[in-house]
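This report refers to the structure that appears directly beneath it.
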Amino acid sequence: MHTKAQTPAKKQTKSVLILNATAHLGNGQIIENSAIGFKDGKLILVADSRLIKLSKDTYETTIDATGKHIYPGFIAPNSTLGLVEIDAVKSSDDEEEIGSMNPHVRSIIAFDANSKVIETVRPNGILMAQITPRGGRISGTSSIVQLDAWNWKDAVVKENDGIHLNFPATFRKSGSWFEPGTIEVNKDYQKQIEELNGLFANAKAYNAADAKERNLVFEAMKGLFDASQTLFIHSNKEKQIIDAVQFAKDYGVQKMVIVGGYEAYKTADLLLKNNIGVLLKRVHDMPESEDQDVNLPYKTAKLLTDKGIVVGLENNGRMERMQTRNLPFLAGTCAAYGLDKEQALQLITLNTAKLLGIDGTCGSLESGKDATLFISEGDALDMRTNKLTHAFIQGRMINLETHQTKLYNKYKEKYGQK
């Protein structure tokens, strides 16, 4: 069976109206029997269809979504989508740079918009991602993309949104996930902090004066000091988080987000006081200590949300790129352990958009924002009912077919199934 190669959708030229679905706006609100209209890539109508008068001539395309659900496109933060295609093929792996302090390394120029893995996450509603480098003490600079593009320039939603710091841990754990080792004190902790002190002090001084010689490393950090970029601090343990926040404050960093945040619930008051949000590590996990509640990873989003902290979900870990498609089900698990469904939805829509600094244009269904959304036959946070019929990125209706669905249809035809 011959199938045409998939290409990115063309720019929206016809206005679209979606009627009669249950709209989950991403900001905690629901509209039954909704009317969602968009033109030129932007939402122009978000309303209850029973409360407004609609002319048939107003929109060129109408979709009847009776019995279905509309959601804003899900956002995958701290992601390496498009940076690695096949782990075992070195030439397709571009997620990590040589060296330890790499704020000037920009992940976006290595982003492959044509990755086959990206195809497989869109059918579950993941339509945007923060492309993030790995490795070193400072991994580099991330950028935010939409996931239907010819190349990285077409894909960019927000370029160089933040710098990623892997803050030193006071303790080190040896072994692996299947054979844990011992936990030992990090004897190099103070030395590692001093290295960071040296870098940040020099970068701040460089950006506060007219330097005679250009330094790309220091120059790349300018946004941390003028609040045009966010410092994403990858840290999990209580003391590590406390030390990291104080370190960033000492250098005048105003915008911070904790990434990982396994023990962030222990530091909730500190985070709230400093207006610091958390991108929680993959919640489909086991507790890290024997004396912890076995359900702690599932409950942490609820604990932090109740404290007033803006919480999002990230999926870093083993097989992270292909597991990006499970992002909505991580949110669904948080709903099963304390959050209501609309709060859980915010973890992968508006909350994440706020933490990434793109909530002015993305993350919820509101007039004036990008028409990045999808229609599902059922609850998109439940793997049994997350079945997309339509998806739009900036108003463009995208192709949801993948190489996997092509194989499915091919062999369904072979065995005569309907």
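Ligands are numbered from 1 in the order shown, residues from 1 within each chain, and chains are lettered A, B, ... in the order they appear in the structure tokens.
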
Give me every strand (DSSP E or B) residue in stretch 134-361 of chain A, going by DSSP on the backbone, as a VMD selection string. chain A and resid 134 138 to 146 156 to 166 171 to 175 180 to 185 230 to 235 256 to 260 277 to 280 311 to 313

Output C-alpha atoms of each residue in that selection to a file, as a short mmCIF file (atom, residue, chain, number, x, y, z; two decimals), in the first residue's frame.
data_model
loop_
_atom_site.label_atom_id
_atom_site.label_comp_id
_atom_site.auth_asym_id
_atom_site.auth_seq_id
_atom_site.Cartn_x
_atom_site.Cartn_y
_atom_site.Cartn_z
CA ARG A 134 21.43 17.62 28.57
CA ILE A 138 25.07 24.07 32.80
CA SER A 139 23.58 22.12 29.90
CA GLY A 140 22.76 25.09 27.71
CA THR A 141 19.82 27.12 26.46
CA SER A 142 16.41 25.70 25.58
CA SER A 143 13.80 26.92 23.10
CA ILE A 144 10.07 26.24 22.71
CA VAL A 145 8.68 24.80 19.48
CA GLN A 146 5.43 23.68 17.91
CA VAL A 156 10.15 28.19 17.01
CA VAL A 157 7.53 29.61 19.35
CA LYS A 158 10.00 31.17 21.79
CA GLU A 159 13.72 31.08 21.12
CA ASN A 160 16.28 30.85 23.96
CA ASP A 161 13.65 30.90 26.70
CA GLY A 162 15.95 29.77 29.51
CA ILE A 163 19.23 28.30 30.73
CA HIS A 164 19.40 24.90 32.42
CA LEU A 165 21.51 24.41 35.55
CA ASN A 166 22.09 20.96 37.05
CA PHE A 171 24.70 13.28 48.30
CA ARG A 172 25.48 10.86 45.48
CA LYS A 173 23.68 7.61 44.75
CA SER A 174 25.53 4.78 43.02
CA GLY A 175 24.12 1.83 41.13
CA PRO A 180 20.59 0.36 43.54
CA GLY A 181 23.94 1.06 45.16
CA THR A 182 24.98 3.09 48.18
CA ILE A 183 24.34 6.73 49.08
CA GLU A 184 27.46 8.75 49.84
CA VAL A 185 28.28 12.35 50.72
CA THR A 230 14.41 31.86 33.13
CA LEU A 231 16.92 29.85 35.12
CA PHE A 232 15.69 26.25 35.12
CA ILE A 233 17.30 24.65 38.16
CA HIS A 234 17.36 20.87 37.93
CA SER A 235 17.26 19.69 41.54
CA MET A 256 13.47 30.61 38.39
CA VAL A 257 11.79 27.23 37.92
CA ILE A 258 12.67 24.02 39.76
CA VAL A 259 12.88 21.04 37.40
CA GLY A 260 12.51 17.59 38.98
CA GLY A 277 7.18 27.13 40.12
CA VAL A 278 7.99 23.44 39.72
CA LEU A 279 8.16 21.14 36.72
CA LEU A 280 7.72 17.81 38.48
CA VAL A 311 3.09 23.09 38.96
CA GLY A 312 3.76 21.50 35.59
CA LEU A 313 4.83 18.00 34.56
#

I'd like the contact shell of stretch 391-408 of chain A - 6 Å cut-off, only C-alpha atoms, skipping same-chain residues fewer than 6 positions apart - returned as an mmCIF file with N, CA and C atoms, in the first residue's frame.
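Written out: part_34.cif:
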data_model
loop_
_atom_site.group_PDB
_atom_site.id
_atom_site.type_symbol
_atom_site.label_atom_id
_atom_site.label_comp_id
_atom_site.auth_asym_id
_atom_site.auth_seq_id
_atom_site.Cartn_x
_atom_site.Cartn_y
_atom_site.Cartn_z
ATOM 1 N N ALA A 9 1.451 20.963 7.780
ATOM 2 C CA ALA A 9 0.224 21.600 7.286
ATOM 3 C C ALA A 9 0.511 23.017 6.808
ATOM 4 N N LYS A 11 -0.440 27.055 6.082
ATOM 5 C CA LYS A 11 -1.001 28.127 6.891
ATOM 6 C C LYS A 11 -2.520 28.169 6.747
ATOM 7 N N GLN A 12 -3.209 28.440 7.850
ATOM 8 C CA GLN A 12 -4.664 28.501 7.828
ATOM 9 C C GLN A 12 -5.155 29.601 6.897
ATOM 10 N N GLY A 41 -4.997 31.606 12.376
ATOM 11 C CA GLY A 41 -4.170 31.007 13.419
ATOM 12 C C GLY A 41 -4.476 31.441 14.831
ATOM 13 N N GLU A 119 6.219 12.493 15.269
ATOM 14 C CA GLU A 119 4.960 12.004 14.681
ATOM 15 C C GLU A 119 4.121 11.239 15.688
ATOM 16 N N PRO A 123 -0.561 12.375 18.067
ATOM 17 C CA PRO A 123 -1.882 11.748 18.182
ATOM 18 C C PRO A 123 -2.408 11.644 19.611
ATOM 19 N N ASP A 370 -3.113 31.629 20.363
ATOM 20 C CA ASP A 370 -2.917 30.732 19.219
ATOM 21 C C ASP A 370 -3.982 29.633 19.206
ATOM 22 N N ALA A 371 -4.448 29.301 18.028
ATOM 23 C CA ALA A 371 -5.409 28.208 17.874
ATOM 24 C C ALA A 371 -4.648 26.890 17.798
ATOM 25 N N THR A 372 -4.040 26.515 18.917
ATOM 26 C CA THR A 372 -3.335 25.241 19.051
ATOM 27 C C THR A 372 -4.171 24.380 19.980
ATOM 28 N N LEU A 373 -4.881 23.425 19.396
ATOM 29 C CA LEU A 373 -5.897 22.676 20.146
ATOM 30 C C LEU A 373 -6.200 21.371 19.435
ATOM 31 N N PHE A 374 -6.991 20.532 20.096
ATOM 32 C CA PHE A 374 -7.385 19.277 19.448
ATOM 33 C C PHE A 374 -8.755 18.836 19.934
#

Using only C-alpha atoms: which of A:Asp93, A:Leu350, A:Leu54, A:Val310 has the shortest distance to A:Lys369: A:Leu350

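Put simply, atom CA of A:Lys222 is 6.0 Å away from atom CA of A:Asn207.
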
Find the residues near A:Glu97: any atom within 12 Å, counting only C-alpha atoms, skip ones fewer than 5 places away on the same chain, and give them as a PDB file with C-alpha atoms, in the first residue's frame.
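The result, written out as around_25.pdb:
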ATOM      1  CA  LEU A  83      17.601  15.943  19.460  1.00  0.00           C
ATOM      2  CA  ASN A 102      27.708  25.531  28.329  1.00  0.00           C
ATOM      3  CA  PRO A 103      25.118  28.327  28.680  1.00  0.00           C
ATOM      4  CA  HIS A 104      25.948  29.383  25.109  1.00  0.00           C
ATOM      5  CA  VAL A 105      24.951  26.010  23.620  1.00  0.00           C
ATOM      6  CA  ARG A 106      21.561  26.439  21.918  1.00  0.00           C
ATOM      7  CA  SER A 107      19.494  23.291  21.557  1.00  0.00           C
ATOM      8  CA  ALA A 110      20.120  20.857  16.598  1.00  0.00           C
ATOM      9  CA  THR A 132      16.287  21.151  26.225  1.00  0.00           C
ATOM     10  CA  PRO A 133      19.960  20.121  26.117  1.00  0.00           C
ATOM     11  CA  ARG A 134      21.433  17.622  28.569  1.00  0.00           C
ATOM     12  CA  GLY A 135      24.700  17.047  30.400  1.00  0.00           C
ATOM     13  CA  GLY A 136      27.286  19.123  32.215  1.00  0.00           C
ATOM     14  CA  ARG A 137      26.749  21.525  35.084  1.00  0.00           C
ATOM     15  CA  ILE A 138      25.069  24.068  32.803  1.00  0.00           C
ATOM     16  CA  SER A 139      23.578  22.124  29.903  1.00  0.00           C
ATOM     17  CA  GLY A 140      22.760  25.086  27.708  1.00  0.00           C
ATOM     18  CA  THR A 141      19.822  27.122  26.461  1.00  0.00           C
TER      19      THR A 141
END

Proximity check stretch 102-141 of chain A to stretch 316-328 of chain A, 8 Å, nearest pairs one decimal Å, only C-alpha atoms, as JSON lines:
{"residue": "A:Val117", "atom": "CA", "partner": "A:Met322", "partner_atom": "CA", "distance": 6.3}
{"residue": "A:Thr120", "atom": "CA", "partner": "A:Arg325", "partner_atom": "CA", "distance": 7.0}
{"residue": "A:Val121", "atom": "CA", "partner": "A:Arg325", "partner_atom": "CA", "distance": 4.5}
{"residue": "A:Arg122", "atom": "CA", "partner": "A:Arg325", "partner_atom": "CA", "distance": 7.5}
{"residue": "A:Asn124", "atom": "CA", "partner": "A:Arg325", "partner_atom": "CA", "distance": 5.9}
{"residue": "A:Gly125", "atom": "CA", "partner": "A:Pro328", "partner_atom": "CA", "distance": 7.9}
{"residue": "A:Ile126", "atom": "CA", "partner": "A:Arg325", "partner_atom": "CA", "distance": 6.9}

Using only C-alpha atoms: which of A:Thr13, A:Asn275, A:Cys362, A:Lys68 has the shortest distance to A:Asn386: A:Lys68
